[in-house]
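Here's the structure, in structure tokens; my notes come after.
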Protein chains: 2
Amino acid sequence: MDIQEYMKMLGRQAKIAGRVMSKADTGQKNRALLKIAEALENSQVHLIRENAKDVQAGRDCGLDAALVDRLELNEDRIHAMIEGLKQVAALPDPVGEISALSYRPSGIQVGQMRVPLGVIGIVYESRPNVTVDAAALCLKSGNACILRGGSEAIHSNQAIAACITQGLDWAGLPTTAVQVVETTDRAAVGELVTLSGFVDVIVPRGGKGLIARITQEATLPVIKHLDGICHVYIDTEADVDKAVAIADNAKTHRYGVCNAMETLLVADGIAARVLPRLASIYREKGVELRGCLKTCSLLPQCRRASEEDWRTEYLAPVLSVRIVANIDEAIAHINEYGSSHTEAIVTENYTLARRFLREVDSSSVMVNASTRFADGFEYGLGAEIGISTDKLHARGPVGLNGLTTLKYIVLGDGHIRQ
Amino acid sequence: MDIQEYMKMLGRQAKIAGRVMSKADTGQKNRALLKIAEALENSQVHLIRENAKDVQAGRDCGLDAALVDRLELNEDRIHAMIEGLKQVAALPDPVGEISALSYRPSGIQVGQMRVPLGVIGIVYESRPNVTVDAAALCLKSGNACILRGGSEAIHSNQAIAACITQGLDWAGLPTTAVQVVETTDRAAVGELVTLSGFVDVIVPRGGKGLIARITQEATLPVIKHLDGICHVYIDTEADVDKAVAIADNAKTHRYGVCNAMETLLVADGIAARVLPRLASIYREKGVELRGCLKTCSLLPQCRRASEEDWRTEYLAPVLSVRIVANIDEAIAHINEYGSSHTEAIVTENYTLARRFLREVDSSSVMVNASTRFADGFEYGLGAEIGISTDKLHARGPVGLNGLTTLKYIVLGDGHIRQ
């Protein structure tokens, strides 16, 4: 079978399985999740052995150490996957929820019911845990899915896929509800993202390169995550202690994450009180500062930021700092250079807080909180499949609801249109 | 200026205007809508004169009579546009609405705020009223828009555009918030649907040909309407009077609309009681019937339906009829041949009604009501920009909410991530 036929077969099977999944009841879906957890538990030795083949192959072909680390499975990581499954099982089932059901003047009752999207295609890099996470979220939200992980993780993913199949089977659900692509051929991705008629949406998870390629090739809708160039704006009326704590946390809590602050904007009227304190914290933690002219005159150890700096997602201990006149300049900077991911203002001023919330066009907008909170778990979604920087369908952290849609339901008693 | 530069200019202007519109307050937006209504009222003579040029040109080049009729403006139609503006002004403003704001264990408050999408591109055929309707919905939902109507309506649309500009200006809003493309060059559409970075979503309004072309060319997200192959399923336990009333209304209330029934499915156990009654109504109203073998043996005047019939949106006084064993066969038929637009069951059986609502994967699913109710006004949306047959973002009738998105808002008091 050639790759096109193979992917079409997966698509056809997924579509059929998706119909069964859409009407599977909550108890059955939860049983499947717990059975997959059980299968992973029972297969630990096998999983680690299969994973070792991938790790060895990765090392042999000179895979970057950080990537090898992400690829590696150990008891702790398998345990985390098992915990993840249990957490998803414990989440409320979004499917079938009816909202806003109300009577219309014609006498009909109109409402909306939350229903699965159908078939979800997920393309990701060589992190075996994504195989379990993604499968769990798709399963709980009543969708079928086709998973295409990085080729470096092929043995690990196949071993995990076997556990998923076992769990689905034990719970009496179609084993084709979760299909892990069995080939490492790159062409499979191209086929998957154009499987129109079978796949309803593509969710790429990974670095910019992956996402750019998928967006380019896909003819299906894509829920995607682009850059996270997050800003914190410290207003003149900020509480200095809160400002320092938030700007420290937003930058240094973790560096390589999309919700880390990349640019700090400080109002002119407070810069002298807040920047030296922050600079000494950053110096201690090894964060390099790149500032505007004013910032550099205030902080002599700071080097000048280039135009390019304002547009850069460092994902590293580097921070660009700009002193602005006021909230208008801050919002103008964010509009010009931001990526509409997450922005925060630090202020005690009610009117400015309200303006910032309304006027900043990002997937998360915060007042007096660290950008690091932009996360599905922190928001109470229970789990997330990613953070969408798109505006349509799902914006910000995407949980179970993001994998569903709303259909209208109409209840009548023989009603006809006049 | 070439067409590409011209469309880019419109895009740039729309993006800037969109930012102003997103923070315009409700009163100001309503004032603009009412001022546009006033301008239309004052310009009736001019509008009808400009429209006459289009109508004459249409007739001269042999435009179809139905299309000439759609193109024509008269006092009644101008009055309807004015009423439409007043209705949209009276609708609640969706922008800024905050939902589900609640405290998380970390102490932050998380909720979602409804915000405009930004810039909406609308491509439509030669119906001048769409220019006003679309502008009104985009304006009220805080978006800027670029409108590209059919070239046959160019004089009418330019005259309407002048009224819109006047209304925006009187209300102190940017006149570039609604831009009507001034050229009849087809290339403008190709440019519009690829204006990435300026336009957030494309909404095509029109026939299948238009929508297919837009979907093909667009690199931007499209909210689209495809076929409306709507089904009514009359179950064995249907109330015969309700079944007859609904099947009559769904087919004959209006023929050329997307929510008209195109295929009637009847349970074997009730066919003999319901089909002859319906057949005599349809015969009287001049509806041609095309049936399955069983239907034809019950209704001798019925001709055989071909495989193609089940897949056809007639938009005409033609109906295909199939006798099925039960709800499972009905749902299987809908899954195989339907277009996921609107489906209705007629039954008094609680369990089957509940199953149909859950298992039928269409944008509207109804019990004991005519498919003709699938409409933004009937659903209480106030107005609609179209009916989406897509699953992502907006499904079914799209009103003001469909032109908005939700961003997360986080309120803290100096909270940092642990």
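Letters for chains follow the order of the structure tokens (A, B, ...), residue numbers begin at 1 for each chain, and ligand numbers begin at 1 in the order shown.
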For Val45 (chain A), work out the shell of residues within 12 Å, counting only C-alpha atoms and skipping chain neighbours fewer than 4 positions away, then give it as a tab-separated table (two decimals) with C-alpha atoms, in the first residue's frame.
```
chain	number	residue	atom	x	y	z
A	39	ALA	CA	-1.94	-1.00	30.11
A	40	LEU	CA	0.89	1.54	30.40
A	41	GLU	CA	1.48	0.47	34.00
A	49	ARG	CA	13.06	-1.12	26.26
A	50	GLU	CA	11.42	0.15	23.07
A	51	ASN	CA	12.22	3.73	24.04
A	52	ALA	CA	15.87	2.78	24.55
A	73	LEU	CA	11.08	7.67	28.88
A	74	ASN	CA	11.75	6.56	32.42
A	75	GLU	CA	9.58	5.35	35.29
A	78	ILE	CA	5.57	6.93	32.47
A	156	SER	CA	8.27	4.45	21.75
A	159	ALA	CA	4.69	0.70	22.10
A	160	ILE	CA	2.42	3.38	23.56
```
What are the residues of chain B lining chain A at 6 Å or less? Count only C-alpha atoms, and put the answer as a compact mmCIF listing (two decimals) with C-alpha atoms, in the first residue's frame.
```txt
# COMPACT_ATOMS: atom_id res chain seq x y z
CA LYS B 242 -47.65 16.91 13.01
CA ILE B 246 -43.92 19.61 9.16
CA SER B 363 -25.49 22.36 12.39
CA SER B 364 -29.17 22.24 13.44
CA VAL B 365 -30.96 19.16 14.72
CA MET B 366 -34.69 19.38 15.43
CA VAL B 367 -37.50 17.41 17.01
CA ASN B 368 -41.06 17.98 15.81
CA ALA B 369 -40.27 21.26 14.08
CA SER B 370 -39.87 22.34 10.48
CA LEU B 392 -14.97 25.28 13.48
CA HIS B 393 -15.64 28.64 15.09
CA LYS B 407 -9.90 36.14 24.91
CA TYR B 408 -8.89 35.06 28.39
CA ILE B 409 -8.63 37.70 31.08
CA VAL B 410 -6.76 37.19 34.32
CA LEU B 411 -7.15 39.43 37.36
CA GLY B 412 -4.60 39.21 40.11
CA ASP B 413 -3.18 41.17 42.97
CA GLY B 414 0.51 40.70 42.36
CA HIS B 415 0.16 36.95 41.81
CA ILE B 416 3.15 35.00 40.55
```
Next item on the list: Select from region 229-369 of chain B everything DSSP, run on the backbone, classes as alpha helix (DSSP H), then give the selection as a ChimeraX atom specification.
Entry: /B:240-252,268-285,293-298,307-310,327-337,350-359
Checklist line | Shell of 10 Å around Arg70 (chain A), only C-alpha atoms, local chain residues under 5 positions omitted, as a PyMOL selection string | finding: chain A and resi 55+65+125-129+153
Could you turn the residues from that selection into a file that holds C-alpha atoms, as a CSV table (one decimal), in the first residue's frame?
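Written file, out.csv:
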```
chain,number,residue,atom,x,y,z
A,55,VAL,CA,17.3,7.0,22.4
A,65,ALA,CA,21.1,16.5,23.8
A,125,GLU,CA,7.7,16.2,17.5
A,126,SER,CA,9.6,13.4,19.3
A,127,ARG,CA,8.0,13.6,22.7
A,128,PRO,CA,6.3,10.3,23.5
A,129,ASN,CA,4.2,11.8,26.3
A,153,ALA,CA,10.2,8.3,18.6
```
What lies within 9 Å of Thr194 (chain A) using only C-alpha atoms, ignoring chain neighbours under 2 positions off, as a PDB file with N, CA and C atoms, in the first residue's frame?
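Generated output (result15.pdb):
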```pdb
ATOM      1  N   VAL A 189       2.793  13.173   6.654  1.00  0.00           N
ATOM      2  CA  VAL A 189       2.312  14.442   7.206  1.00  0.00           C
ATOM      3  C   VAL A 189       1.571  15.227   6.122  1.00  0.00           C
ATOM      4  N   GLY A 190       2.168  15.299   4.958  1.00  0.00           N
ATOM      5  CA  GLY A 190       1.540  16.000   3.839  1.00  0.00           C
ATOM      6  C   GLY A 190       0.173  15.419   3.508  1.00  0.00           C
ATOM      7  N   GLU A 191       0.080  14.093   3.569  1.00  0.00           N
ATOM      8  CA  GLU A 191      -1.214  13.451   3.305  1.00  0.00           C
ATOM      9  C   GLU A 191      -2.216  13.758   4.412  1.00  0.00           C
ATOM     10  N   LEU A 192      -1.745  13.675   5.650  1.00  0.00           N
ATOM     11  CA  LEU A 192      -2.649  13.877   6.795  1.00  0.00           C
ATOM     12  C   LEU A 192      -3.291  15.264   6.769  1.00  0.00           C
ATOM     13  N   SER A 196      -8.969  15.844   3.421  1.00  0.00           N
ATOM     14  CA  SER A 196     -10.277  16.490   3.417  1.00  0.00           C
ATOM     15  C   SER A 196     -11.393  15.452   3.292  1.00  0.00           C
ATOM     16  N   VAL A 199     -10.691  14.221   7.927  1.00  0.00           N
ATOM     17  CA  VAL A 199     -10.144  14.869   9.117  1.00  0.00           C
ATOM     18  C   VAL A 199     -10.751  16.269   9.225  1.00  0.00           C
ATOM     19  N   GLU A 217       1.292  23.675   4.214  1.00  0.00           N
ATOM     20  CA  GLU A 217       0.815  22.510   3.445  1.00  0.00           C
ATOM     21  C   GLU A 217      -0.661  22.212   3.626  1.00  0.00           C
ATOM     22  N   ALA A 218      -1.209  22.598   4.799  1.00  0.00           N
ATOM     23  CA  ALA A 218      -2.553  22.129   5.150  1.00  0.00           C
ATOM     24  C   ALA A 218      -3.628  22.760   4.293  1.00  0.00           C
ATOM     25  N   THR A 219      -4.589  21.942   3.862  1.00  0.00           N
ATOM     26  CA  THR A 219      -5.797  22.478   3.245  1.00  0.00           C
ATOM     27  C   THR A 219      -6.945  22.375   4.250  1.00  0.00           C
ATOM     28  N   LEU A 220      -6.699  21.706   5.364  1.00  0.00           N
ATOM     29  CA  LEU A 220      -7.696  21.588   6.429  1.00  0.00           C
ATOM     30  C   LEU A 220      -7.490  22.724   7.421  1.00  0.00           C
TER      31      LEU A 220
END
```
Notebook entry, point to check: Between B:Ser339, B:His46, B:Ile234, B:Asn157, which has the minimum distance to Gly197 (chain A) (counting only C-alpha atoms)?
Noted result: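 Among the listed residues, the smallest separation from Gly197 (chain A) belongs to B:Ser339.
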Checklist line | Exercise: Ile120 (chain B) partners within 8 Å, only C-alpha atoms, chain neighbours under 6 positions left out, as a VMD selection string | finding: chain B and resid 138 143 to 146 199 to 203
Check: So which bits of region 56-181 of chain B end up strand (DSSP E or B) when you DSSP the backbone, as a PyMOL selection string?
Finding: chain B and resi 98-103+109-116+119-124+144-148+178-180
Emit the selected residues as a PDB file, in the first residue's frame, including N, CA and C atoms.
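Result saved to out.pdb:
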```pdb
ATOM      1  N   ILE B  98     -18.096  39.664  29.652  1.00  0.00           N
ATOM      2  CA  ILE B  98     -17.162  38.787  30.374  1.00  0.00           C
ATOM      3  C   ILE B  98     -17.940  37.601  30.938  1.00  0.00           C
ATOM      4  N   SER B  99     -17.428  36.413  30.695  1.00  0.00           N
ATOM      5  CA  SER B  99     -18.148  35.225  31.157  1.00  0.00           C
ATOM      6  C   SER B  99     -17.241  34.358  32.004  1.00  0.00           C
ATOM      7  N   ALA B 100     -17.877  33.594  32.882  1.00  0.00           N
ATOM      8  CA  ALA B 100     -17.206  32.535  33.644  1.00  0.00           C
ATOM      9  C   ALA B 100     -16.028  33.033  34.470  1.00  0.00           C
ATOM     10  N   LEU B 101     -16.079  34.276  34.908  1.00  0.00           N
ATOM     11  CA  LEU B 101     -14.977  34.799  35.718  1.00  0.00           C
ATOM     12  C   LEU B 101     -15.010  34.148  37.094  1.00  0.00           C
ATOM     13  N   SER B 102     -14.005  33.361  37.388  1.00  0.00           N
ATOM     14  CA  SER B 102     -14.035  32.670  38.681  1.00  0.00           C
ATOM     15  C   SER B 102     -12.626  32.508  39.242  1.00  0.00           C
ATOM     16  N   TYR B 103     -12.549  32.316  40.541  1.00  0.00           N
ATOM     17  CA  TYR B 103     -11.259  32.204  41.225  1.00  0.00           C
ATOM     18  C   TYR B 103     -10.666  30.822  41.041  1.00  0.00           C
ATOM     19  N   GLN B 109      -8.136  35.335  39.271  1.00  0.00           N
ATOM     20  CA  GLN B 109      -9.483  35.194  38.726  1.00  0.00           C
ATOM     21  C   GLN B 109      -9.345  35.040  37.219  1.00  0.00           C
ATOM     22  N   VAL B 110      -9.976  34.042  36.649  1.00  0.00           N
ATOM     23  CA  VAL B 110      -9.868  33.805  35.205  1.00  0.00           C
ATOM     24  C   VAL B 110     -11.257  33.827  34.574  1.00  0.00           C
ATOM     25  N   GLY B 111     -11.380  34.521  33.478  1.00  0.00           N
ATOM     26  CA  GLY B 111     -12.641  34.545  32.743  1.00  0.00           C
ATOM     27  C   GLY B 111     -12.362  34.749  31.268  1.00  0.00           C
ATOM     28  N   GLN B 112     -13.429  34.910  30.493  1.00  0.00           N
ATOM     29  CA  GLN B 112     -13.244  35.174  29.062  1.00  0.00           C
ATOM     30  C   GLN B 112     -14.020  36.422  28.669  1.00  0.00           C
ATOM     31  N   MET B 113     -13.408  37.224  27.828  1.00  0.00           N
ATOM     32  CA  MET B 113     -14.056  38.441  27.336  1.00  0.00           C
ATOM     33  C   MET B 113     -14.319  38.305  25.842  1.00  0.00           C
ATOM     34  N   ARG B 114     -15.528  38.654  25.435  1.00  0.00           N
ATOM     35  CA  ARG B 114     -15.866  38.585  24.014  1.00  0.00           C
ATOM     36  C   ARG B 114     -15.311  39.816  23.305  1.00  0.00           C
ATOM     37  N   VAL B 115     -14.546  39.599  22.261  1.00  0.00           N
ATOM     38  CA  VAL B 115     -13.900  40.701  21.546  1.00  0.00           C
ATOM     39  C   VAL B 115     -14.073  40.526  20.033  1.00  0.00           C
ATOM     40  N   PRO B 116     -13.990  41.621  19.283  1.00  0.00           N
ATOM     41  CA  PRO B 116     -14.144  41.518  17.822  1.00  0.00           C
ATOM     42  C   PRO B 116     -13.035  40.665  17.206  1.00  0.00           C
ATOM     43  N   VAL B 119     -10.717  42.387  11.368  1.00  0.00           N
ATOM     44  CA  VAL B 119     -11.133  42.831  10.032  1.00  0.00           C
ATOM     45  C   VAL B 119     -11.794  41.655   9.306  1.00  0.00           C
ATOM     46  N   ILE B 120     -12.970  41.901   8.786  1.00  0.00           N
ATOM     47  CA  ILE B 120     -13.725  40.852   8.111  1.00  0.00           C
ATOM     48  C   ILE B 120     -13.876  41.210   6.641  1.00  0.00           C
ATOM     49  N   GLY B 121     -13.537  40.280   5.781  1.00  0.00           N
ATOM     50  CA  GLY B 121     -13.694  40.479   4.342  1.00  0.00           C
ATOM     51  C   GLY B 121     -14.942  39.738   3.882  1.00  0.00           C
ATOM     52  N   ILE B 122     -15.834  40.427   3.210  1.00  0.00           N
ATOM     53  CA  ILE B 122     -17.072  39.780   2.769  1.00  0.00           C
ATOM     54  C   ILE B 122     -17.176  39.880   1.257  1.00  0.00           C
ATOM     55  N   VAL B 123     -17.369  38.733   0.632  1.00  0.00           N
ATOM     56  CA  VAL B 123     -17.482  38.677  -0.827  1.00  0.00           C
ATOM     57  C   VAL B 123     -18.884  38.177  -1.143  1.00  0.00           C
ATOM     58  N   TYR B 124     -19.619  38.927  -1.953  1.00  0.00           N
ATOM     59  CA  TYR B 124     -21.013  38.550  -2.195  1.00  0.00           C
ATOM     60  C   TYR B 124     -21.399  38.872  -3.625  1.00  0.00           C
ATOM     61  N   ALA B 144     -13.881  46.046  11.707  1.00  0.00           N
ATOM     62  CA  ALA B 144     -13.830  46.761  10.434  1.00  0.00           C
ATOM     63  C   ALA B 144     -14.119  45.734   9.344  1.00  0.00           C
ATOM     64  N   CYS B 145     -14.594  46.205   8.194  1.00  0.00           N
ATOM     65  CA  CYS B 145     -14.847  45.238   7.125  1.00  0.00           C
ATOM     66  C   CYS B 145     -14.489  45.811   5.764  1.00  0.00           C
ATOM     67  N   ILE B 146     -14.187  44.889   4.866  1.00  0.00           N
ATOM     68  CA  ILE B 146     -13.961  45.222   3.463  1.00  0.00           C
ATOM     69  C   ILE B 146     -15.002  44.441   2.687  1.00  0.00           C
ATOM     70  N   LEU B 147     -15.843  45.145   1.952  1.00  0.00           N
ATOM     71  CA  LEU B 147     -16.961  44.514   1.262  1.00  0.00           C
ATOM     72  C   LEU B 147     -16.705  44.495  -0.239  1.00  0.00           C
ATOM     73  N   ARG B 148     -16.869  43.325  -0.842  1.00  0.00           N
ATOM     74  CA  ARG B 148     -16.702  43.220  -2.277  1.00  0.00           C
ATOM     75  C   ARG B 148     -17.973  42.595  -2.871  1.00  0.00           C
ATOM     76  N   VAL B 178     -15.756  50.738   7.307  1.00  0.00           N
ATOM     77  CA  VAL B 178     -16.470  49.963   6.278  1.00  0.00           C
ATOM     78  C   VAL B 178     -15.965  50.457   4.933  1.00  0.00           C
ATOM     79  N   GLN B 179     -15.282  49.600   4.198  1.00  0.00           N
ATOM     80  CA  GLN B 179     -14.770  49.997   2.890  1.00  0.00           C
ATOM     81  C   GLN B 179     -15.389  49.105   1.819  1.00  0.00           C
ATOM     82  N   VAL B 180     -16.022  49.724   0.851  1.00  0.00           N
ATOM     83  CA  VAL B 180     -16.598  48.975  -0.259  1.00  0.00           C
ATOM     84  C   VAL B 180     -15.609  49.064  -1.423  1.00  0.00           C
TER      85      VAL B 180
END
```
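Computed from the coordinates, the CA of Leu91 (chain A) to CA of Gly382 (chain A) distance equals 6.7 Å.
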Next item on the list: Work out how far CA of Pro317 (chain B) is from CA of Leu71 (chain B), in Å to one decimal.
Entry: 24.0 Å
Exercise: Met261 (chain B) partners within 7 Å, only C-alpha atoms, chain neighbours under 2 positions left out, as a PDB file with C-alpha atoms, in the first residue's frame:
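Result file out35.pdb:
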```pdb
ATOM      1  CA  ILE B 229     -29.485  18.961   1.810  1.00  0.00           C
ATOM      2  CA  CYS B 230     -31.936  18.904   4.702  1.00  0.00           C
ATOM      3  CA  HIS B 231     -33.840  15.811   5.847  1.00  0.00           C
ATOM      4  CA  VAL B 232     -37.044  15.207   7.756  1.00  0.00           C
ATOM      5  CA  ALA B 250     -40.330  22.088   5.324  1.00  0.00           C
ATOM      6  CA  LYS B 251     -40.697  21.488   1.583  1.00  0.00           C
ATOM      7  CA  ASN B 259     -33.171  25.141   5.028  1.00  0.00           C
ATOM      8  CA  THR B 263     -35.220  14.429   1.198  1.00  0.00           C
ATOM      9  CA  THR B 371     -36.343  22.649   9.089  1.00  0.00           C
TER      10      THR B 371
END
```
Notebook entry, point to check: Just how far from CA of Val193 (chain B) is CA of Arg213 (chain A), in Å to one decimal?
Noted result: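 Separation of CA of Arg213 (chain A) and CA of Val193 (chain B): 20.4 Å.
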